[in-house]
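Source file work-v1.txt; content: compact mmCIF, C-alpha atoms (C1' of nucleotides).
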# COMPACT_ATOMS: atom_id res chain seq x y z
CA MET Q 1 3.59 34.67 -25.16
CA SER Q 2 2.65 35.94 -28.60
CA ASP Q 3 0.37 34.13 -31.00
CA PRO Q 4 -0.58 31.02 -29.02
CA ARG Q 5 -1.01 27.80 -30.93
CA TRP Q 6 -4.62 27.18 -29.91
CA LEU Q 7 -5.98 23.66 -30.24
CA ASN Q 8 -7.99 23.03 -33.38
CA GLU Q 9 -11.28 21.15 -33.26
CA GLN Q 10 -9.76 17.66 -33.53
CA GLN Q 11 -7.11 18.40 -30.99
CA ALA Q 12 -9.67 19.79 -28.57
CA VAL Q 13 -11.80 16.67 -28.90
CA ALA Q 14 -8.80 14.43 -28.35
CA TRP Q 15 -7.62 16.44 -25.37
CA ARG Q 16 -11.02 16.49 -23.69
CA GLY Q 17 -11.34 12.78 -24.27
CA LEU Q 18 -8.00 12.18 -22.63
CA LEU Q 19 -9.01 14.25 -19.62
CA ALA Q 20 -12.31 12.42 -19.28
CA ILE Q 21 -10.64 9.03 -19.43
CA ILE Q 22 -7.99 9.94 -16.93
CA ASN Q 23 -10.37 11.47 -14.45
CA ARG Q 24 -13.10 8.87 -14.75
CA ALA Q 25 -11.57 5.54 -15.70
CA PHE Q 26 -8.33 5.68 -13.77
CA PRO Q 27 -9.77 6.23 -10.32
CA GLU Q 28 -12.05 3.28 -10.97
CA ILE Q 29 -9.13 1.08 -11.94
CA GLU Q 30 -7.22 2.22 -8.90
CA ARG Q 31 -10.17 1.32 -6.69
CA THR Q 32 -10.13 -2.27 -7.86
CA LEU Q 33 -6.43 -2.58 -7.21
CA ARG Q 34 -6.84 -1.09 -3.75
CA GLY Q 35 -9.32 -3.82 -3.01
CA HIS Q 36 -6.39 -6.16 -3.47
CA ASP Q 37 -3.95 -4.17 -1.33
CA LEU Q 38 -2.19 -2.64 -4.30
CA LEU Q 39 -1.89 0.80 -5.79
CA ALA Q 40 -1.74 1.34 -9.54
CA VAL Q 41 1.89 2.33 -9.04
CA HIS Q 42 2.58 -0.94 -7.28
CA TYR Q 43 0.93 -2.88 -10.04
CA THR Q 44 3.02 -1.16 -12.70
CA ILE Q 45 6.17 -1.84 -10.74
CA LEU Q 46 5.34 -5.52 -10.37
CA VAL Q 47 4.55 -5.82 -14.07
CA ALA Q 48 7.84 -4.22 -15.07
CA LEU Q 49 9.78 -6.55 -12.80
CA SER Q 50 7.87 -9.60 -13.99
CA GLU Q 51 8.92 -8.83 -17.54
CA ALA Q 52 12.59 -8.32 -16.73
CA PRO Q 53 15.18 -11.06 -17.18
CA ASP Q 54 15.54 -12.99 -13.93
CA HIS Q 55 12.76 -10.78 -12.50
CA THR Q 56 15.42 -8.25 -11.64
CA MET Q 57 16.03 -4.63 -12.60
CA GLY Q 58 18.08 -1.70 -11.47
CA LEU Q 59 15.99 0.92 -9.73
CA SER Q 60 16.68 3.57 -12.36
CA ALA Q 61 15.62 1.28 -15.16
CA LEU Q 62 12.59 0.30 -13.15
CA ALA Q 63 11.60 3.90 -12.59
CA ASP Q 64 11.89 4.55 -16.30
CA ALA Q 65 9.93 1.45 -17.25
CA ALA Q 66 7.15 2.43 -14.86
CA ASN Q 67 7.22 6.11 -15.87
CA LEU Q 68 8.05 7.13 -12.31
CA SER Q 69 10.33 9.68 -10.72
CA PRO Q 70 13.10 8.20 -8.55
CA SER Q 71 11.50 9.76 -5.51
CA ARG Q 72 8.09 8.33 -6.19
CA LEU Q 73 9.53 4.89 -6.83
CA SER Q 74 11.46 5.04 -3.59
CA HIS Q 75 8.38 5.95 -1.55
CA ARG Q 76 6.13 3.31 -3.08
CA MET Q 77 8.75 0.61 -3.01
CA ARG Q 78 8.70 0.57 0.77
CA THR Q 79 5.32 -1.17 0.94
CA LEU Q 80 6.38 -3.83 -1.54
CA VAL Q 81 9.65 -4.49 0.24
CA ASP Q 82 8.12 -4.52 3.73
CA ARG Q 83 5.60 -7.05 2.49
CA GLY Q 84 8.21 -9.25 0.85
CA ASP Q 85 6.91 -8.88 -2.71
CA VAL Q 86 10.20 -7.35 -3.78
CA VAL Q 87 13.75 -7.57 -2.49
CA ILE Q 88 16.28 -4.80 -2.97
CA ALA Q 89 20.02 -5.54 -3.00
CA PRO Q 90 23.05 -3.38 -3.75
CA ASP Q 91 24.46 -3.73 -7.24
CA PRO Q 92 27.84 -5.54 -7.01
CA GLU Q 93 29.18 -3.64 -10.00
CA ASP Q 94 28.16 -0.10 -9.05
CA GLY Q 95 28.13 0.97 -5.45
CA ARG Q 96 25.55 3.66 -6.10
CA ALA Q 97 23.01 1.40 -7.73
CA LYS Q 98 20.56 -1.12 -6.34
CA ASN Q 99 18.66 -3.95 -7.93
CA ALA Q 100 15.05 -4.87 -7.29
CA HIS Q 101 14.03 -8.50 -7.53
CA LEU Q 102 10.47 -9.81 -7.73
CA THR Q 103 9.97 -12.64 -5.23
CA PRO Q 104 7.66 -15.63 -5.79
CA PRO Q 105 5.07 -14.19 -3.37
CA GLY Q 106 5.25 -10.92 -5.29
CA LEU Q 107 4.68 -12.70 -8.56
CA ALA Q 108 1.83 -14.63 -7.00
CA ARG Q 109 0.18 -11.42 -5.88
CA LEU Q 110 0.55 -9.95 -9.36
CA GLU Q 111 -0.98 -13.02 -10.98
CA ALA Q 112 -3.86 -12.97 -8.54
CA VAL Q 113 -4.73 -9.37 -9.26
CA ALA Q 114 -4.05 -9.25 -13.00
CA PRO Q 115 -7.35 -10.81 -14.16
CA HIS Q 116 -9.39 -8.24 -12.25
CA HIS Q 117 -7.23 -5.44 -13.53
CA VAL Q 118 -7.46 -6.37 -17.20
CA GLU Q 119 -11.19 -6.85 -16.85
CA ASP Q 120 -11.44 -3.23 -15.66
CA VAL Q 121 -9.32 -1.99 -18.54
CA GLN Q 122 -11.43 -3.89 -21.07
CA ARG Q 123 -14.69 -2.74 -19.56
CA LEU Q 124 -13.74 0.90 -19.18
CA ILE Q 125 -11.68 1.43 -22.32
CA PHE Q 126 -11.62 -1.21 -25.02
CA ASP Q 127 -15.19 -2.43 -24.84
CA HIS Q 128 -16.11 0.87 -26.48
CA LEU Q 129 -13.81 0.42 -29.48
CA ASP Q 130 -13.78 -1.97 -32.40
CA GLU Q 131 -10.60 -3.45 -33.80
CA THR Q 132 -9.92 -0.65 -36.27
CA GLU Q 133 -10.44 2.06 -33.70
CA THR Q 134 -8.23 0.26 -31.23
CA ALA Q 135 -5.46 -0.04 -33.80
CA ALA Q 136 -5.67 3.66 -34.63
CA LEU Q 137 -5.62 4.55 -30.97
CA ALA Q 138 -2.59 2.34 -30.37
CA ASP Q 139 -0.72 3.88 -33.29
CA ALA Q 140 -1.28 7.43 -32.16
CA LEU Q 141 -0.61 6.84 -28.48
CA ALA Q 142 2.53 4.84 -29.23
CA LEU Q 143 3.92 7.72 -31.28
CA VAL Q 144 3.37 10.22 -28.49
CA ALA Q 145 4.60 7.86 -25.81
CA ALA Q 146 7.73 7.05 -27.76
CA ALA Q 147 8.52 10.73 -28.11
CA LEU Q 148 8.01 11.33 -24.40
CA CYS Q 149 10.06 8.31 -23.36
CA GLU Q 150 12.92 8.65 -25.82
CA HIS Q 151 13.30 12.39 -25.75
CA PRO Q 152 13.22 13.49 -22.15
CA GLU Q 153 14.46 16.86 -23.36
CA TYR Q 154 10.83 17.58 -24.13
CA LEU Q 155 10.35 17.55 -20.40
CA ASN Q 156 11.51 20.30 -18.10
CA PRO Q 157 12.64 22.65 -20.85
CA ARG Q 158 12.17 25.58 -18.52
CA PRO Q 159 14.97 28.21 -18.42
CA MET R 1 -12.25 -14.90 -12.01
CA SER R 2 -12.21 -17.51 -14.75
CA ASP R 3 -10.82 -16.97 -18.22
CA PRO R 4 -9.53 -13.40 -18.03
CA ARG R 5 -9.87 -11.25 -21.12
CA TRP R 6 -6.18 -10.50 -21.53
CA LEU R 7 -5.19 -7.49 -23.60
CA ASN R 8 -4.22 -8.31 -27.17
CA GLU R 9 -1.16 -6.74 -28.75
CA GLN R 10 -2.89 -3.59 -29.97
CA GLN R 11 -4.66 -3.08 -26.71
CA ALA R 12 -1.44 -3.52 -24.77
CA VAL R 13 0.30 -0.94 -26.94
CA ALA R 14 -2.54 1.53 -26.50
CA TRP R 15 -2.69 0.98 -22.76
CA ARG R 16 1.03 1.39 -22.27
CA GLY R 17 0.94 4.53 -24.36
CA LEU R 18 -1.81 5.94 -22.23
CA LEU R 19 0.14 5.21 -19.05
CA ALA R 20 3.27 6.81 -20.45
CA ILE R 21 1.42 9.95 -21.48
CA ILE R 22 -0.35 10.30 -18.18
CA ASN R 23 2.73 9.76 -16.08
CA ARG R 24 5.10 11.82 -18.18
CA ALA R 25 3.17 14.58 -19.92
CA PHE R 26 0.63 15.44 -17.27
CA PRO R 27 3.03 16.24 -14.46
CA GLU R 28 4.85 18.52 -16.86
CA ILE R 29 1.65 20.32 -17.77
CA GLU R 30 0.75 20.63 -14.12
CA ARG R 31 4.15 22.16 -13.40
CA THR R 32 3.56 24.96 -15.86
CA LEU R 33 0.18 25.74 -14.36
CA ARG R 34 1.65 25.75 -10.86
CA GLY R 35 4.08 28.39 -12.01
CA HIS R 36 1.00 30.52 -12.53
CA ASP R 37 -0.59 29.71 -9.17
CA LEU R 38 -3.03 27.22 -10.64
CA LEU R 39 -3.56 23.49 -10.48
CA ALA R 40 -4.73 21.50 -13.48
CA VAL R 41 -8.00 21.03 -11.61
CA HIS R 42 -8.35 24.78 -11.20
CA TYR R 43 -7.68 25.33 -14.86
CA THR R 44 -10.33 22.82 -15.88
CA ILE R 45 -12.85 24.44 -13.56
CA LEU R 46 -12.15 27.89 -14.96
CA VAL R 47 -12.47 26.62 -18.52
CA ALA R 48 -15.80 24.96 -17.81
CA LEU R 49 -17.16 28.14 -16.22
CA SER R 50 -15.86 30.32 -19.04
CA GLU R 51 -17.83 28.23 -21.51
CA ALA R 52 -21.07 28.33 -19.55
CA PRO R 53 -23.85 30.82 -20.32
CA ASP R 54 -23.38 33.90 -18.17
CA HIS R 55 -20.18 32.31 -16.84
CA THR R 56 -22.33 30.51 -14.31
CA MET R 57 -22.96 26.87 -13.49
CA GLY R 58 -24.44 24.77 -10.73
CA LEU R 59 -21.77 22.96 -8.77
CA SER R 60 -23.02 19.52 -9.77
CA ALA R 61 -22.95 20.40 -13.44
CA LEU R 62 -19.53 21.91 -12.95
CA ALA R 63 -18.21 18.79 -11.27
CA ASP R 64 -19.51 16.72 -14.15
CA ALA R 65 -18.08 19.03 -16.79
CA ALA R 66 -14.69 18.93 -15.12
CA ASN R 67 -14.82 15.17 -14.47
CA LEU R 68 -14.53 15.73 -10.74
CA SER R 69 -16.09 14.20 -7.68
CA PRO R 70 -18.19 16.60 -5.60
CA SER R 71 -15.71 16.32 -2.80
CA ARG R 72 -12.72 17.13 -4.94
CA LEU R 73 -14.51 20.10 -6.47
CA SER R 74 -15.41 21.40 -3.05
CA HIS R 75 -11.83 21.20 -1.80
CA ARG R 76 -10.25 22.82 -4.85
CA MET R 77 -12.91 25.49 -5.13
CA ARG R 78 -11.78 27.05 -1.88
CA THR R 79 -8.63 28.50 -3.38
CA LEU R 80 -10.51 29.99 -6.32
CA VAL R 81 -13.16 31.54 -4.10
CA ASP R 82 -10.70 32.87 -1.52
CA ARG R 83 -8.80 34.51 -4.35
CA GLY R 84 -11.89 36.03 -5.92
CA ASP R 85 -11.65 34.16 -9.22
CA VAL R 86 -15.01 32.54 -8.60
CA VAL R 87 -18.06 33.50 -6.55
CA ILE R 88 -20.45 30.94 -5.12
CA ALA R 89 -24.07 31.84 -4.40
CA PRO R 90 -27.06 29.77 -3.29
CA ASP R 91 -29.43 28.76 -6.06
CA PRO R 92 -32.71 30.69 -5.61
CA GLU R 93 -34.75 27.84 -7.07
CA ASP R 94 -33.29 24.95 -5.10
CA GLY R 95 -32.19 25.43 -1.54
CA ARG R 96 -29.70 22.57 -1.75
CA ALA R 97 -27.89 23.79 -4.82
CA LYS R 98 -25.29 26.50 -5.33
CA ASN R 99 -24.09 28.30 -8.41
CA ALA R 100 -20.52 29.16 -9.26
CA HIS R 101 -19.83 32.32 -11.24
CA LEU R 102 -16.57 33.21 -12.95
CA THR R 103 -15.52 36.77 -12.08
CA PRO R 104 -13.66 39.13 -14.41
CA PRO R 105 -10.41 38.62 -12.47
CA GLY R 106 -10.93 34.88 -12.75
CA LEU R 107 -11.43 35.14 -16.49
CA ALA R 108 -8.37 37.35 -16.73
CA ARG R 109 -6.28 34.77 -14.92
CA LEU R 110 -7.54 32.04 -17.24
CA GLU R 111 -6.73 34.08 -20.31
CA ALA R 112 -3.28 34.86 -18.99
CA VAL R 113 -2.41 31.21 -18.42
CA ALA R 114 -4.14 29.65 -21.42
CA PRO R 115 -1.40 30.37 -23.99
CA HIS R 116 1.25 28.68 -21.86
CA HIS R 117 -1.02 25.75 -21.23
CA VAL R 118 -1.89 25.09 -24.87
CA GLU R 119 1.74 25.44 -25.81
CA ASP R 120 2.52 22.61 -23.39
CA VAL R 121 -0.25 20.45 -24.80
CA GLN R 122 0.93 21.02 -28.35
CA ARG R 123 4.56 20.38 -27.52
CA LEU R 124 3.97 17.26 -25.43
CA ILE R 125 1.14 15.64 -27.37
CA PHE R 126 0.15 16.95 -30.75
CA ASP R 127 3.54 17.92 -32.11
CA HIS R 128 4.14 14.19 -32.46
CA LEU R 129 1.06 13.52 -34.59
CA ASP R 130 0.04 14.51 -38.09
CA GLU R 131 -3.49 15.51 -38.98
CA THR R 132 -4.66 11.98 -39.81
CA GLU R 133 -3.27 10.52 -36.63
CA THR R 134 -4.80 13.31 -34.58
CA ALA R 135 -8.20 12.72 -36.14
CA ALA R 136 -8.01 8.99 -35.44
CA LEU R 137 -6.96 9.67 -31.88
CA ALA R 138 -9.81 12.11 -31.39
CA ASP R 139 -12.34 9.64 -32.76
CA ALA R 140 -11.25 6.82 -30.49
CA LEU R 141 -10.89 8.91 -27.35
CA ALA R 142 -14.23 10.60 -27.92
CA LEU R 143 -15.96 7.23 -28.12
CA VAL R 144 -14.48 6.05 -24.87
CA ALA R 145 -15.04 9.37 -23.13
CA ALA R 146 -18.65 9.51 -24.26
CA ALA R 147 -19.27 6.05 -22.85
CA LEU R 148 -17.69 6.98 -19.53
CA CYS R 149 -19.55 10.27 -19.26
CA GLU R 150 -22.96 9.15 -20.44
CA HIS R 151 -23.05 5.79 -18.76
CA PRO R 152 -21.89 6.24 -15.20
CA GLU R 153 -23.19 2.74 -14.54
CA TYR R 154 -19.90 1.56 -15.97
CA LEU R 155 -18.38 3.06 -12.87
CA ASN R 156 -18.67 1.55 -9.43
CA PRO R 157 -20.38 -1.63 -10.58
CA ARG R 158 -19.16 -3.36 -7.45
CA PRO R 159 -21.76 -5.48 -5.59
C1' DA W 1 -49.03 15.73 6.19
C1' DC W 2 -45.48 12.81 7.72
C1' DT W 3 -41.56 10.44 7.11
C1' DA W 4 -38.26 7.88 4.39
C1' DA W 5 -35.34 8.21 0.68
C1' DC W 6 -32.76 10.94 -2.06
C1' DT W 7 -29.95 14.97 -3.76
C1' DC W 8 -26.51 18.62 -3.15
C1' DC W 9 -22.71 19.91 -1.01
C1' DT W 10 -19.06 20.21 2.86
C1' DT W 11 -15.74 18.58 6.11
C1' DG W 12 -11.84 15.94 8.37
C1' DA W 13 -8.69 12.31 8.29
C1' DC W 14 -5.46 9.71 6.04
C1' DG W 15 -2.51 8.13 2.29
C1' DT W 16 -0.17 9.54 -1.96
C1' DG W 17 2.68 12.73 -5.13
C1' DT W 18 5.99 16.31 -5.57
C1' DC W 19 9.70 19.08 -4.64
C1' DA W 20 14.06 20.32 -2.61
C1' DA W 21 17.81 18.86 -0.13
C1' DG W 22 20.99 15.46 1.28
C1' DT W 23 24.11 11.03 1.16
C1' DT W 24 27.10 8.12 -0.97
C1' DA W 25 29.52 6.48 -4.94
C1' DT W 26 31.54 7.06 -9.58
C1' DT W 27 33.36 9.52 -13.49
C1' DC W 28 35.75 13.09 -15.72
C1' DC W 29 39.64 15.87 -16.51
C1' DA W 30 43.50 18.71 -15.49
C1' DT L 1 46.01 11.91 -8.33
C1' DG L 2 43.27 15.16 -6.73
C1' DG L 3 38.77 17.58 -6.90
C1' DA L 4 34.66 19.06 -9.12
C1' DA L 5 30.83 17.48 -11.56
C1' DT L 6 27.62 13.87 -12.19
C1' DA L 7 24.76 9.78 -11.07
C1' DA L 8 21.84 6.70 -7.99
C1' DC L 9 18.89 6.74 -4.48
C1' DT L 10 16.57 8.38 0.07
C1' DT L 11 14.23 11.33 3.09
C1' DG L 12 11.00 14.93 5.08
C1' DA L 13 7.71 18.42 4.47
C1' DC L 14 3.77 20.00 2.45
C1' DA L 15 -0.14 19.98 -0.63
C1' DC L 16 -3.54 17.21 -3.23
C1' DG L 17 -7.03 13.15 -3.84
C1' DT L 18 -10.08 9.91 -1.76
C1' DC L 19 -13.15 8.10 1.29
C1' DA L 20 -16.61 8.01 4.85
C1' DA L 21 -19.61 10.66 7.42
C1' DG L 22 -22.70 14.31 8.01
C1' DG L 23 -25.92 18.62 7.49
C1' DA L 24 -29.37 20.73 4.96
C1' DG L 25 -33.02 20.80 1.55
C1' DT L 26 -36.35 18.37 -1.61
C1' DT L 27 -39.12 14.63 -3.47
C1' DA L 28 -42.21 10.78 -3.06
C1' DG L 29 -44.95 7.29 -1.13
C1' DT L 30 -48.93 6.44 1.97
Take the structure I supplied and represent it as structure tokens, if you would.
Amino acid sequence: MSDPRWLNEQQAVAWRGLLAIINRAFPEIERTLRGHDLLAVHYTILVALSEAPDHTMGLSALADAANLSPSRLSHRMRTLVDRGDVVIAPDPEDGRAKNAHLTPPGLARLEAVAPHHVEDVQRLIFDHLDETETAALADALALVAAALCEHPEYLNPRP
Amino acid sequence: MSDPRWLNEQQAVAWRGLLAIINRAFPEIERTLRGHDLLAVHYTILVALSEAPDHTMGLSALADAANLSPSRLSHRMRTLVDRGDVVIAPDPEDGRAKNAHLTPPGLARLEAVAPHHVEDVQRLIFDHLDETETAALADALALVAAALCEHPEYLNPRP
DNA sequence: ACTAACTCCTTGACGTGTCAAGTTATTCCA
DNA sequence: TGGAATAACTTGACACGTCAAGGAGTTAGT
């Protein structure tokens, strides 16, 4: 690889900040959720379903909404289904597909945990930023996220 | 928990962006490093050591610099030591402590992988931001990261 | 000087994430 | 109308991350 595009000073600061947040704040957030018998993955899944029309989504769409691989979704779904928080049924219109539906108990669990979760996020992340800084952060992250979500060709471009 | 501090619109956008980046970009970055027999953790450890005076650091300081728990550092260090990239020796001044030293082969491995790694980071993150956006991102992330690093009392505040 | 508390680090067990492979169903196209 | 290519999802194996527990050394209180 000739002539690497090294990170400049700003990029290095941003990158190190991202690493610090991920390695320090996320485990803490996960710990709170675990105290309520949920994993962060589970929480994200429940949120996505709760925002879907009729609390129902196809598994592929769900995986995309939760930024998960099909495999990972499949593995983590088991707990939610076994516990009755989510029901999975075959899609009548496409024999390959399945739909996940958030049950009332599942929604109840989500609503019980949500206040603790958002408190963590506020305490660990946003309590350190004023409104202007938060807006700038949102703008930048949304741009990157949009690129990653809408252009999967950025991913796995290996030969 | 009474009266939860729900995320406002900006905060929600920022948070979702963060989740998308972590779940989509990071696995991709990790994949590249794995192709070179390294984990992201390993890479971070090597970087921290390469920036230390004499390429040497106490394990506690190293864990902090790499945002790792002592346990995680210990586990991941094994590979690096077995392979000869890093040497661990007891600290002469404190019988409890140990020092990690980056060897020439370890440095060589880091330098061989670094160009591929930064290319990933540029492609996945910074290629989607102009200079102003990058600066704003760096400012915000640095504030949060500094708070998390300097005030560990934010972590584990459970009763 | 003795012991309790603390720090530094390691280990083992268990649950999660990832990858590769496999199953079943649909689409494409010749 | 076949048959290959593609899509949706599942499974099993293996490696990583986390937690709780523990060994060894140092500090501090009395």
Counting all atoms listed in the file, note down every residue that has an atom within 10 Å of the point (-47.5, 12.5, -1.2) (file coordinates), as JSON, numbers by chain.
-> {"W": [1, 2], "L": [27, 28, 29, 30]}
Could you state the separation of C1' of DT3 (chain W) and CA of Leu59 (chain R) in Å, given to one decimal place?
->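 According to the coordinates, C1' of DT3 (chain W) and CA of Leu59 (chain R) are separated by 28.3 Å.
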For chain Q, list the residues within 12 Å of chain L, counting all atoms listed in the file, and write the list as a VMD selection string.
-> chain Q and resid 23 27 to 28 30 to 31 34 58 to 61 63 69 to 75 77 to 78 88 90 to 91 94 to 99
Counting only C-alpha atoms (C1' of nucleotides), collect the residues of chain W whose closest atom lies at most 8 Å from chain R, and write them out as a PyMOL selection string.
-> chain W and resi 7-10
Hey, which of Q:Glu111, Q:Asp64, Q:Glu119, Q:Asp54 ends up closest to chain R? Count only C-alpha atoms.
->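 Among the listed residues, Q:Glu119 lies closest to chain R.
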At most 6 Å is the cut-off: for each residue in chain Q with any atom that close to an atom of chain R, write down the nearest atom pair and the distance in Å rounded to one decimal, counting only C-alpha atoms, chain first then increasing number, as a tab-separated table.
residue	atom	partner	partner_atom	distance
Q:Pro4	CA	R:Pro115	CA	5.1
Q:Gln10	CA	R:Ala135	CA	5.8
Q:Val13	CA	R:Ala138	CA	5.6
Q:Ala14	CA	R:Ala138	CA	4.0
Q:Gly17	CA	R:Leu141	CA	5.0
Q:Ala20	CA	R:Ala145	CA	5.6
Q:Ile21	CA	R:Ala145	CA	5.8
Q:Asn23	CA	R:Asn67	CA	5.8
Q:Asn67	CA	R:Asn23	CA	5.8
Q:Pro115	CA	R:Pro4	CA	5.1
Q:Ile125	CA	R:Val144	CA	6.0
Q:His128	CA	R:Val144	CA	5.7
Q:Glu133	CA	R:Ala140	CA	5.8
Q:Ala135	CA	R:Gln10	CA	5.8
Q:Ala136	CA	R:Ala136	CA	5.9
Q:Leu137	CA	R:Leu137	CA	5.4
Q:Ala138	CA	R:Ala14	CA	4.0
Q:Ala140	CA	R:Glu133	CA	5.8
Q:Leu141	CA	R:Gly17	CA	5.0
Q:Ala142	CA	R:Gly17	CA	5.1
Q:Val144	CA	R:His128	CA	5.7
Q:Ala145	CA	R:Gly17	CA	5.2
Measure the distance from C1' of DT18 (chain W) to CA of Arg109 (chain R) in Å and round it to one decimal.
->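 Computed distance, C1' of DT18 (chain W) to CA of Arg109 (chain R), equals 24.1 Å.
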Quick one: pull the distance between CA of Pro104 (chain Q) and CA of Arg76 (chain Q), Å, one decimal.
->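 Here the two named atoms are 19.2 Å from each other.
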Ala52 (chain R) surroundings by all atoms listed in the file, 12 Å radius, close-in-sequence under 2 positions cut, as a PyMOL selection string | chain R and resi 45-50+54-58+61-62+65+99-102
